[in-house]
file final-v2.cif (mmCIF, N, CA and C atoms)
data_run
loop_
_atom_site.group_PDB
_atom_site.id
_atom_site.type_symbol
_atom_site.label_atom_id
_atom_site.label_comp_id
_atom_site.auth_asym_id
_atom_site.auth_seq_id
_atom_site.Cartn_x
_atom_site.Cartn_y
_atom_site.Cartn_z
ATOM 1 N N MET A 1 -180.567 -128.166 150.775
ATOM 2 C CA MET A 1 -181.769 -127.595 151.320
ATOM 3 C C MET A 1 -181.599 -127.384 152.822
ATOM 4 N N PHE A 2 -182.060 -126.264 153.321
ATOM 5 C CA PHE A 2 -181.938 -125.928 154.730
ATOM 6 C C PHE A 2 -183.048 -126.561 155.545
ATOM 7 N N THR A 3 -182.679 -127.078 156.704
ATOM 8 C CA THR A 3 -183.686 -127.417 157.698
ATOM 9 C C THR A 3 -183.838 -126.176 158.557
ATOM 10 N N SER A 4 -184.843 -126.137 159.374
ATOM 11 C CA SER A 4 -185.006 -124.962 160.225
ATOM 12 C C SER A 4 -183.835 -124.825 161.194
ATOM 13 N N ARG A 5 -183.280 -125.949 161.670
ATOM 14 C CA ARG A 5 -182.120 -125.896 162.582
ATOM 15 C C ARG A 5 -180.883 -125.375 161.857
ATOM 16 N N SER A 6 -180.655 -125.831 160.644
ATOM 17 C CA SER A 6 -179.469 -125.367 159.925
ATOM 18 C C SER A 6 -179.610 -123.897 159.540
ATOM 19 N N ALA A 7 -180.812 -123.478 159.205
ATOM 20 C CA ALA A 7 -181.041 -122.056 158.902
ATOM 21 C C ALA A 7 -180.850 -121.205 160.150
ATOM 22 N N ALA A 8 -181.290 -121.695 161.279
ATOM 23 C CA ALA A 8 -181.101 -120.964 162.539
ATOM 24 C C ALA A 8 -179.621 -120.899 162.897
ATOM 25 N N PHE A 9 -178.894 -121.993 162.639
ATOM 26 C CA PHE A 9 -177.456 -121.983 162.913
ATOM 27 C C PHE A 9 -176.752 -120.984 161.991
ATOM 28 N N GLU A 10 -177.157 -120.937 160.745
ATOM 29 C CA GLU A 10 -176.566 -119.957 159.830
ATOM 30 C C GLU A 10 -176.814 -118.538 160.328
ATOM 31 N N ALA A 11 -177.998 -118.272 160.804
ATOM 32 C CA ALA A 11 -178.306 -116.948 161.363
ATOM 33 C C ALA A 11 -177.414 -116.650 162.567
ATOM 34 N N ALA A 12 -177.167 -117.662 163.394
ATOM 35 C CA ALA A 12 -176.294 -117.481 164.561
ATOM 36 C C ALA A 12 -174.851 -117.205 164.135
ATOM 37 N N MET A 13 -174.384 -117.896 163.105
ATOM 38 C CA MET A 13 -173.023 -117.663 162.597
ATOM 39 C C MET A 13 -172.904 -116.247 162.027
ATOM 40 N N LEU A 14 -173.907 -115.806 161.293
ATOM 41 C CA LEU A 14 -173.876 -114.450 160.741
ATOM 42 C C LEU A 14 -173.955 -113.405 161.852
ATOM 43 N N LEU A 15 -174.663 -113.736 162.910
ATOM 44 C CA LEU A 15 -174.747 -112.825 164.044
ATOM 45 C C LEU A 15 -173.388 -112.655 164.726
ATOM 46 N N ILE A 16 -172.622 -113.740 164.892
ATOM 47 C CA ILE A 16 -171.309 -113.563 165.520
ATOM 48 C C ILE A 16 -170.376 -112.770 164.610
ATOM 49 N N TYR A 17 -170.541 -112.923 163.300
ATOM 50 C CA TYR A 17 -169.774 -112.091 162.363
ATOM 51 C C TYR A 17 -170.117 -110.612 162.592
ATOM 52 N N ASP A 18 -171.411 -110.301 162.631
ATOM 53 C CA ASP A 18 -171.852 -108.912 162.820
ATOM 54 C C ASP A 18 -171.412 -108.366 164.178
ATOM 55 N N ARG A 19 -171.513 -109.191 165.203
ATOM 56 C CA ARG A 19 -171.115 -108.744 166.543
ATOM 57 C C ARG A 19 -169.608 -108.512 166.634
ATOM 58 N N ALA A 20 -168.807 -109.372 166.007
ATOM 59 C CA ALA A 20 -167.355 -109.176 166.012
ATOM 60 C C ALA A 20 -167.006 -107.859 165.316
ATOM 61 N N LYS A 21 -167.725 -107.588 164.254
ATOM 62 C CA LYS A 21 -167.508 -106.351 163.503
ATOM 63 C C LYS A 21 -167.888 -105.127 164.334
ATOM 64 N N SER A 22 -169.040 -105.151 164.968
ATOM 65 C CA SER A 22 -169.503 -103.975 165.710
ATOM 66 C C SER A 22 -168.881 -103.859 167.100
ATOM 67 N N GLU A 23 -168.724 -104.961 167.808
ATOM 68 C CA GLU A 23 -168.239 -104.904 169.176
ATOM 69 C C GLU A 23 -166.717 -104.907 169.295
ATOM 70 N N CYS A 24 -166.042 -105.531 168.341
ATOM 71 C CA CYS A 24 -164.583 -105.674 168.413
ATOM 72 C C CYS A 24 -163.851 -104.987 167.270
ATOM 73 N N ARG A 25 -164.611 -104.437 166.350
ATOM 74 C CA ARG A 25 -164.031 -103.837 165.148
ATOM 75 C C ARG A 25 -163.168 -104.841 164.370
ATOM 76 N N TYR A 26 -163.607 -106.099 164.408
ATOM 77 C CA TYR A 26 -162.924 -107.161 163.673
ATOM 78 C C TYR A 26 -163.822 -107.595 162.523
ATOM 79 N N ILE A 27 -163.325 -107.408 161.312
ATOM 80 C CA ILE A 27 -164.087 -107.759 160.121
ATOM 81 C C ILE A 27 -163.521 -109.067 159.560
ATOM 82 N N ALA A 28 -164.272 -110.130 159.744
ATOM 83 C CA ALA A 28 -163.843 -111.465 159.341
ATOM 84 C C ALA A 28 -164.359 -111.764 157.935
ATOM 85 N N THR A 29 -163.778 -111.104 156.966
ATOM 86 C CA THR A 29 -164.222 -111.223 155.577
ATOM 87 C C THR A 29 -164.197 -112.663 155.085
ATOM 88 N N HIS A 30 -163.115 -113.359 155.352
ATOM 89 C CA HIS A 30 -162.990 -114.742 154.877
ATOM 90 C C HIS A 30 -164.052 -115.644 155.523
ATOM 91 N N PHE A 31 -164.313 -115.437 156.813
ATOM 92 C CA PHE A 31 -165.347 -116.186 157.530
ATOM 93 C C PHE A 31 -166.702 -115.985 156.842
ATOM 94 N N ARG A 32 -167.018 -114.749 156.542
ATOM 95 C CA ARG A 32 -168.296 -114.414 155.891
ATOM 96 C C ARG A 32 -168.384 -115.046 154.503
ATOM 97 N N GLN A 33 -167.295 -115.000 153.766
ATOM 98 C CA GLN A 33 -167.258 -115.595 152.427
ATOM 99 C C GLN A 33 -167.432 -117.109 152.488
ATOM 100 N N MET A 34 -166.817 -117.727 153.481
ATOM 101 C CA MET A 34 -166.949 -119.182 153.633
ATOM 102 C C MET A 34 -168.398 -119.574 153.916
ATOM 103 N N ILE A 35 -169.063 -118.811 154.757
ATOM 104 C CA ILE A 35 -170.472 -119.103 155.052
ATOM 105 C C ILE A 35 -171.308 -119.003 153.779
ATOM 106 N N SER A 36 -171.055 -117.977 152.986
ATOM 107 C CA SER A 36 -171.792 -117.808 151.725
ATOM 108 C C SER A 36 -171.511 -118.939 150.746
ATOM 109 N N ALA A 37 -170.268 -119.374 150.681
ATOM 110 C CA ALA A 37 -169.879 -120.390 149.712
ATOM 111 C C ALA A 37 -170.219 -121.818 150.149
ATOM 112 N N LYS A 38 -169.958 -122.144 151.411
ATOM 113 C CA LYS A 38 -170.092 -123.520 151.892
ATOM 114 C C LYS A 38 -171.317 -123.768 152.753
ATOM 115 N N GLY A 39 -171.866 -122.693 153.312
ATOM 116 C CA GLY A 39 -172.918 -122.837 154.307
ATOM 117 C C GLY A 39 -172.317 -122.799 155.699
ATOM 118 N N ALA A 40 -173.137 -122.501 156.672
ATOM 119 C CA ALA A 40 -172.643 -122.299 158.034
ATOM 120 C C ALA A 40 -172.156 -123.584 158.693
ATOM 121 N N ILE A 41 -172.877 -124.676 158.512
ATOM 122 C CA ILE A 41 -172.470 -125.924 159.164
ATOM 123 C C ILE A 41 -171.148 -126.424 158.599
ATOM 124 N N ALA A 42 -171.010 -126.431 157.292
ATOM 125 C CA ALA A 42 -169.751 -126.873 156.681
ATOM 126 C C ALA A 42 -168.598 -125.951 157.074
ATOM 127 N N THR A 43 -168.869 -124.664 157.169
ATOM 128 C CA THR A 43 -167.836 -123.716 157.592
ATOM 129 C C THR A 43 -167.404 -124.013 159.020
ATOM 130 N N ALA A 44 -168.362 -124.198 159.909
ATOM 131 C CA ALA A 44 -168.029 -124.497 161.301
ATOM 132 C C ALA A 44 -167.234 -125.799 161.401
ATOM 133 N N LYS A 45 -167.659 -126.828 160.686
ATOM 134 C CA LYS A 45 -166.942 -128.106 160.711
ATOM 135 C C LYS A 45 -165.508 -127.944 160.214
ATOM 136 N N TYR A 46 -165.342 -127.175 159.156
ATOM 137 C CA TYR A 46 -163.995 -126.934 158.643
ATOM 138 C C TYR A 46 -163.133 -126.223 159.700
ATOM 139 N N LEU A 47 -163.673 -125.179 160.296
ATOM 140 C CA LEU A 47 -162.903 -124.391 161.263
ATOM 141 C C LEU A 47 -162.547 -125.190 162.504
ATOM 142 N N ILE A 48 -163.494 -125.924 163.053
ATOM 143 C CA ILE A 48 -163.222 -126.629 164.305
ATOM 144 C C ILE A 48 -162.360 -127.872 164.119
ATOM 145 N N ASN A 49 -162.348 -128.415 162.915
ATOM 146 C CA ASN A 49 -161.574 -129.630 162.668
ATOM 147 C C ASN A 49 -160.254 -129.369 161.950
ATOM 148 N N SER A 50 -159.979 -128.114 161.649
ATOM 149 C CA SER A 50 -158.714 -127.756 161.008
ATOM 150 C C SER A 50 -157.568 -128.028 161.989
ATOM 151 N N GLU A 51 -156.453 -128.476 161.460
ATOM 152 C CA GLU A 51 -155.301 -128.762 162.327
ATOM 153 C C GLU A 51 -154.745 -127.502 162.969
ATOM 154 N N ARG A 52 -154.918 -126.380 162.324
ATOM 155 C CA ARG A 52 -154.372 -125.143 162.890
ATOM 156 C C ARG A 52 -155.502 -124.166 163.191
ATOM 157 N N GLU A 53 -155.248 -123.361 164.207
ATOM 158 C CA GLU A 53 -156.215 -122.321 164.546
ATOM 159 C C GLU A 53 -156.209 -121.268 163.446
ATOM 160 N N GLN A 54 -157.375 -120.786 163.130
ATOM 161 C CA GLN A 54 -157.498 -119.746 162.119
ATOM 162 C C GLN A 54 -157.185 -118.380 162.732
ATOM 163 N N ILE A 55 -156.806 -117.432 161.887
ATOM 164 C CA ILE A 55 -156.460 -116.084 162.349
ATOM 165 C C ILE A 55 -157.611 -115.439 163.116
ATOM 166 N N GLY A 56 -158.825 -115.596 162.633
ATOM 167 C CA GLY A 56 -159.970 -114.998 163.301
ATOM 168 C C GLY A 56 -160.152 -115.541 164.706
ATOM 169 N N PHE A 57 -159.984 -116.838 164.875
ATOM 170 C CA PHE A 57 -160.086 -117.449 166.197
ATOM 171 C C PHE A 57 -159.020 -116.872 167.120
ATOM 172 N N LYS A 58 -157.792 -116.802 166.635
ATOM 173 C CA LYS A 58 -156.692 -116.251 167.445
ATOM 174 C C LYS A 58 -156.977 -114.807 167.832
ATOM 175 N N THR A 59 -157.446 -114.038 166.877
ATOM 176 C CA THR A 59 -157.730 -112.615 167.129
ATOM 177 C C THR A 59 -158.816 -112.461 168.188
ATOM 178 N N LEU A 60 -159.893 -113.183 168.041
ATOM 179 C CA LEU A 60 -161.003 -113.060 168.988
ATOM 180 C C LEU A 60 -160.658 -113.596 170.368
ATOM 181 N N THR A 61 -159.902 -114.682 170.437
ATOM 182 C CA THR A 61 -159.556 -115.215 171.752
ATOM 183 C C THR A 61 -158.527 -114.354 172.468
ATOM 184 N N LYS A 62 -157.688 -113.654 171.733
ATOM 185 C CA LYS A 62 -156.773 -112.694 172.373
ATOM 186 C C LYS A 62 -157.565 -111.580 173.046
ATOM 187 N N MET A 63 -158.724 -111.264 172.491
ATOM 188 C CA MET A 63 -159.612 -110.253 173.077
ATOM 189 C C MET A 63 -160.537 -110.864 174.139
ATOM 190 N N LYS A 64 -160.367 -112.169 174.380
ATOM 191 C CA LYS A 64 -161.215 -112.905 175.324
ATOM 192 C C LYS A 64 -162.689 -112.909 174.892
ATOM 193 N N ARG A 65 -162.892 -112.974 173.583
ATOM 194 C CA ARG A 65 -164.238 -113.003 173.018
ATOM 195 C C ARG A 65 -164.526 -114.380 172.411
ATOM 196 N N TRP A 66 -164.391 -115.391 173.253
ATOM 197 C CA TRP A 66 -164.681 -116.757 172.819
ATOM 198 C C TRP A 66 -166.109 -116.870 172.302
ATOM 199 N N ASP A 67 -167.006 -116.051 172.861
ATOM 200 C CA ASP A 67 -168.419 -116.103 172.480
ATOM 201 C C ASP A 67 -168.669 -115.722 171.027
ATOM 202 N N LEU A 68 -167.674 -115.169 170.367
ATOM 203 C CA LEU A 68 -167.825 -114.760 168.974
ATOM 204 C C LEU A 68 -167.140 -115.725 168.005
ATOM 205 N N THR A 69 -166.853 -116.936 168.470
ATOM 206 C CA THR A 69 -166.191 -117.935 167.622
ATOM 207 C C THR A 69 -167.158 -119.051 167.229
ATOM 208 N N ALA A 70 -166.869 -119.664 166.108
ATOM 209 C CA ALA A 70 -167.662 -120.820 165.672
ATOM 210 C C ALA A 70 -167.534 -121.950 166.688
ATOM 211 N N GLU A 71 -166.349 -122.090 167.281
ATOM 212 C CA GLU A 71 -166.125 -123.137 168.281
ATOM 213 C C GLU A 71 -167.107 -122.994 169.447
ATOM 214 N N PHE A 72 -167.308 -121.766 169.887
ATOM 215 C CA PHE A 72 -168.221 -121.510 170.991
ATOM 216 C C PHE A 72 -169.658 -121.875 170.615
ATOM 217 N N LEU A 73 -170.059 -121.530 169.408
ATOM 218 C CA LEU A 73 -171.417 -121.881 168.973
ATOM 219 C C LEU A 73 -171.620 -123.393 168.960
ATOM 220 N N VAL A 74 -170.629 -124.104 168.450
ATOM 221 C CA VAL A 74 -170.751 -125.557 168.301
ATOM 222 C C VAL A 74 -170.957 -126.257 169.646
ATOM 223 N N ILE A 75 -170.377 -125.732 170.712
ATOM 224 C CA ILE A 75 -170.517 -126.400 172.017
ATOM 225 C C ILE A 75 -171.821 -126.047 172.738
ATOM 226 N N GLN A 76 -172.570 -125.116 172.190
ATOM 227 C CA GLN A 76 -173.836 -124.734 172.816
ATOM 228 C C GLN A 76 -174.867 -125.843 172.626
ATOM 229 N N LYS A 77 -175.613 -126.097 173.676
ATOM 230 C CA LYS A 77 -176.600 -127.183 173.685
ATOM 231 C C LYS A 77 -177.550 -127.130 172.480
ATOM 232 N N GLU A 78 -177.978 -125.934 172.112
ATOM 233 C CA GLU A 78 -178.960 -125.814 171.030
ATOM 234 C C GLU A 78 -178.434 -126.222 169.661
ATOM 235 N N TRP A 79 -177.111 -126.282 169.489
ATOM 236 C CA TRP A 79 -176.547 -126.620 168.170
ATOM 237 C C TRP A 79 -175.878 -127.986 168.138
ATOM 238 N N LYS A 80 -175.682 -128.619 169.276
ATOM 239 C CA LYS A 80 -174.932 -129.883 169.326
ATOM 240 C C LYS A 80 -175.496 -130.956 168.404
ATOM 241 N N GLU A 81 -176.801 -130.949 168.183
ATOM 242 C CA GLU A 81 -177.410 -131.977 167.322
ATOM 243 C C GLU A 81 -176.951 -131.875 165.866
ATOM 244 N N LEU A 82 -176.412 -130.732 165.479
ATOM 245 C CA LEU A 82 -175.955 -130.528 164.100
ATOM 246 C C LEU A 82 -174.536 -131.055 163.865
ATOM 247 N N PHE A 83 -173.864 -131.463 164.947
ATOM 248 C CA PHE A 83 -172.456 -131.838 164.864
ATOM 249 C C PHE A 83 -172.212 -133.196 165.499
ATOM 250 N N THR A 84 -171.125 -133.815 165.079
ATOM 251 C CA THR A 84 -170.757 -135.099 165.678
ATOM 252 C C THR A 84 -170.151 -134.856 167.058
ATOM 253 N N LYS A 85 -170.080 -135.921 167.816
ATOM 254 C CA LYS A 85 -169.442 -135.850 169.135
ATOM 255 C C LYS A 85 -167.986 -135.382 168.986
ATOM 256 N N THR A 86 -167.308 -135.869 167.965
ATOM 257 C CA THR A 86 -165.922 -135.469 167.709
ATOM 258 C C THR A 86 -165.829 -133.978 167.399
ATOM 259 N N ASP A 87 -166.767 -133.456 166.616
ATOM 260 C CA ASP A 87 -166.786 -132.023 166.318
ATOM 261 C C ASP A 87 -166.878 -131.204 167.610
ATOM 262 N N VAL A 88 -167.795 -131.607 168.478
ATOM 263 C CA VAL A 88 -168.015 -130.872 169.732
ATOM 264 C C VAL A 88 -166.771 -130.954 170.622
ATOM 265 N N ILE A 89 -166.174 -132.127 170.695
ATOM 266 C CA ILE A 89 -164.950 -132.297 171.493
ATOM 267 C C ILE A 89 -163.827 -131.434 170.932
ATOM 268 N N ASN A 90 -163.658 -131.431 169.620
ATOM 269 C CA ASN A 90 -162.616 -130.617 168.996
ATOM 270 C C ASN A 90 -162.829 -129.137 169.265
ATOM 271 N N ALA A 91 -164.081 -128.692 169.184
ATOM 272 C CA ALA A 91 -164.397 -127.288 169.449
ATOM 273 C C ALA A 91 -164.064 -126.932 170.900
ATOM 274 N N MET A 92 -164.479 -127.788 171.836
ATOM 275 C CA MET A 92 -164.214 -127.524 173.244
ATOM 276 C C MET A 92 -162.714 -127.540 173.538
ATOM 277 N N ASN A 93 -162.006 -128.503 172.994
ATOM 278 C CA ASN A 93 -160.557 -128.576 173.220
ATOM 279 C C ASN A 93 -159.844 -127.327 172.714
ATOM 280 N N ARG A 94 -160.252 -126.852 171.553
ATOM 281 C CA ARG A 94 -159.629 -125.642 171.012
ATOM 282 C C ARG A 94 -159.919 -124.442 171.917
ATOM 283 N N LEU A 95 -161.138 -124.322 172.394
ATOM 284 C CA LEU A 95 -161.489 -123.233 173.300
ATOM 285 C C LEU A 95 -160.673 -123.306 174.587
ATOM 286 N N LEU A 96 -160.607 -124.494 175.186
ATOM 287 C CA LEU A 96 -159.865 -124.662 176.440
ATOM 288 C C LEU A 96 -158.384 -124.332 176.256
ATOM 289 N N LYS A 97 -157.830 -124.774 175.141
ATOM 290 C CA LYS A 97 -156.413 -124.514 174.844
ATOM 291 C C LYS A 97 -156.148 -123.008 174.722
ATOM 292 N N SER A 98 -157.160 -122.247 174.303
ATOM 293 C CA SER A 98 -156.978 -120.801 174.114
ATOM 294 C C SER A 98 -157.236 -119.997 175.396
ATOM 295 N N GLY A 99 -157.589 -120.697 176.487
ATOM 296 C CA GLY A 99 -157.794 -120.013 177.746
ATOM 297 C C GLY A 99 -159.231 -119.877 178.191
ATOM 298 N N TYR A 100 -160.155 -120.428 177.426
ATOM 299 C CA TYR A 100 -161.580 -120.374 177.778
ATOM 300 C C TYR A 100 -161.823 -121.155 179.051
ATOM 301 N N LYS A 101 -162.600 -120.562 179.941
ATOM 302 C CA LYS A 101 -163.009 -121.221 181.181
ATOM 303 C C LYS A 101 -164.526 -121.394 181.146
ATOM 304 N N PRO A 102 -164.999 -122.632 180.971
ATOM 305 C CA PRO A 102 -166.451 -122.847 180.916
ATOM 306 C C PRO A 102 -167.103 -122.551 182.268
ATOM 307 N N PRO A 103 -168.359 -122.107 182.242
ATOM 308 C CA PRO A 103 -169.063 -121.884 183.505
ATOM 309 C C PRO A 103 -169.288 -123.219 184.212
ATOM 310 N N ASN A 104 -169.346 -123.172 185.509
ATOM 311 C CA ASN A 104 -169.531 -124.421 186.279
ATOM 312 C C ASN A 104 -170.866 -124.972 186.051
#
call {"tool": "encode", "arguments": {"input": "final-v2.cif", "output": "structure tokens"}}
result
Amino acid sequence: MFTSRSAAFEAAMLLIYDRAKSECRYIATHFRQMISAKGAIATAKYLINSEREQIGFKTLTKMKRWDLTAEFLVIQKEWKELFTKTDVINAMNRLLKSGYKPPN
């Protein structure tokens, strides 16, 4: 069952999918399928805690579009309550490793 926060997070995940498609011409079919099958929170947890970077993450970060990644969403203040401290740290570390520079 969805809470309002988890439903809002799912909407945010679907929005980054749509934005990647329209703004970058990147169609993340597998990402979209995972959200449908597992839900947005489970998908984000899987992606940020995976030992290897996913193709979509690599593709978007090469374009310097960190804002269109699940990792970026997870570190946002409004979603942190949905994730463990370890999840947030893993997401931030992956972003930093890919060249992301957080605002001061």
call {"tool": "resolve_selection", "arguments": {"input": "final-v2.cif", "expression": "the PyMOL selection byres (((chain A and resi 53 and name CA) around 12) and name CA)", "output": "PyMOL selection string"}}
result
chain A and resi 46-52+54-61+69-71+90-91+93-95+97-98
call {"tool": "atom_distance", "arguments": {"input": "final-v2.cif", "atom1": "CA of Ala7 in chain A", "atom2": "atom C of Tyr100 in chain A"}}
result
27.9 Å
call {"tool": "closest_residue", "arguments": {"input": "final-v2.cif", "among": "A:Thr86, A:Ala40, A:Asn104, A:Gly99", "to": "Phe9 in chain A", "atoms": "all atoms listed in the file"}}
result
A:Ala40
call {"tool": "closest_residue", "arguments": {"input": "final-v2.cif", "among": "A:Met63, A:Leu68, A:Ile27, A:Ala8", "to": "Gly39 in chain A", "atoms": "only C-alpha atoms"}}
result
A:Ala8
call {"tool": "axis_aligned_box", "arguments": {"input": "final-v2.cif", "around": "range 2-21 of chain A", "padding_each_side": "3 Å", "output": "JSON"}}
result
{"center_x": -176.0, "center_y": -116.3, "center_z": 160.0, "size_x": 24.0, "size_y": 28.3, "size_z": 19.3}
call {"tool": "atom_distance", "arguments": {"input": "final-v2.cif", "atom1": "atom N of Glu23 in chain A", "atom2": "atom N of Ser36 in chain A"}}
result
19.9 Å
call {"tool": "select_by_dssp", "arguments": {"input": "final-v2.cif", "residues": "range 35-98 of chain A", "states": "helix (DSSP H, G or I)", "output": "PyMOL selection string"}}
result
chain A and resi 35-38+40-49+55-62+66-68+70-75+80-82+85-97
call {"tool": "resolve_selection", "arguments": {"input": "final-v2.cif", "expression": "the PyMOL selection byres ((chain A and resi 75) around 8)", "output": "ChimeraX atom specification"}}
result
/A:70-74,76-80,87-89,91-92
